[in-house]
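Here is the structure we will look at.
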Amino acid sequence: MTQLFLLSLIGGISYCSNRDFTGSILLGGLIQIIPQLWFSREAFKYVGASQTQRIVSTMYRGEVGKVILTSSGFVTVFVLYSNVNIVALMATFISMILVHLLLVARLIK
């Protein structure tokens, strides 16, 4: 939720300047957020020591799905969105990864 809020805030601020730039920002963030949501949903379906085999299986499936969703997101953007700003797309993608890592580190403490 924090990532979506930050992405919406950044997208809203940049909307006034350039719509292609804003689209690239939003797409870059969504390319990271959607696969991460998929992985989280898959990885945490099961809990408990008796579910170990299922946990490992769903984590593997979640990671494979995450890679496929991420790569297909990039391919889709590059094929269908001719005015993509690659710097904005990649900067937002990487920023959302960093935000995710900071949030996880905060939860662990």
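The way I read the labels, and the way they are meant: chains A, B, ... in the order of the structure tokens, residue 1 as the first residue of every chain, and ligand 1 as the first ligand shown, with later ones counted on from there.
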Quiz item: Can you list, as a ChimeraX atom specification, every residue of chain A that DSSP puts in alpha helix (DSSP H)?
Solution: /A:2-15,19-43,52-80,86-108
Exercise. Please identify all polymer residues within 6 Å of region 51-60 of chain A, counting only C-alpha atoms, omitting same-chain residues fewer than 4 positions from it, and present them as a PyMOL selection string.
Key: chain A and resi 42-43+46
List the spatial neighbours of region 70-74 of chain A as an mmCIF file with N, CA and C atoms, in the first residue's frame - criterion: any atom at most 7 Å away, only C-alpha atoms, same-chain residues fewer than 5 positions off excluded.
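Written out: out-v6.cif:
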data_model
loop_
_atom_site.group_PDB
_atom_site.id
_atom_site.type_symbol
_atom_site.label_atom_id
_atom_site.label_comp_id
_atom_site.auth_asym_id
_atom_site.auth_seq_id
_atom_site.Cartn_x
_atom_site.Cartn_y
_atom_site.Cartn_z
ATOM 1 N N ILE A 31 5.207 -2.232 -12.900
ATOM 2 C CA ILE A 31 5.964 -3.409 -13.332
ATOM 3 C C ILE A 31 6.663 -4.052 -12.136
ATOM 4 N N GLN A 32 6.973 -3.281 -11.113
ATOM 5 C CA GLN A 32 7.582 -3.860 -9.910
ATOM 6 C C GLN A 32 6.525 -4.302 -8.899
ATOM 7 N N PRO A 35 4.126 -7.823 -9.867
ATOM 8 C CA PRO A 35 4.779 -9.118 -9.642
ATOM 9 C C PRO A 35 5.117 -9.375 -8.174
#
Distance table requested - region 37-107 of chain A against region 2-8 of chain A, cut-off 8 Å, only C-alpha atoms: one row per qualifying residue with the closest atom pair and its distance in Å to one decimal, ordered by chain and rising residue number, as a tab-separated table.
residue	atom	partner	partner_atom	distance
A:Met96	CA	A:Gln3	CA	6.6
A:Val99	CA	A:Gln3	CA	6.9
A:His100	CA	A:Gln3	CA	7.3
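The residue that comes closest to Ser95 (chain A), out of A:Val67, A:Val75, A:Ile10, A:Leu80 and on the basis of only C-alpha atoms, is A:Ile10.
Nearest residue to Leu9 (chain A) among A:Ile108, A:Phe21, A:Tyr81, A:Leu26 is A:Leu26, counting only C-alpha atoms.
What separates CA of Leu27 (chain A) from CA of Arg106 (chain A) is a distance of 25.9 Å.
Restricting the calculation to only C-alpha atoms, the smallest distance between Asn83 (chain A) and any of A:Lys66, A:Ser24, A:Cys16, A:Leu101 is found for A:Ser24.
Rounded to one decimal, CA of Thr22 (chain A) and CA of Gly65 (chain A) lie 26.8 Å from each other.
Counting only C-alpha atoms, Thr92 (chain A) has the following residues at most 7 Å away, ignoring those fewer than 4 positions along the same chain: Ile25, Gly28, Gly29, Ala88 and Met96 of chain A.
When CA of Glu63 (chain A) is paired with CA of Phe39 (chain A), their separation reads 5.9 Å.
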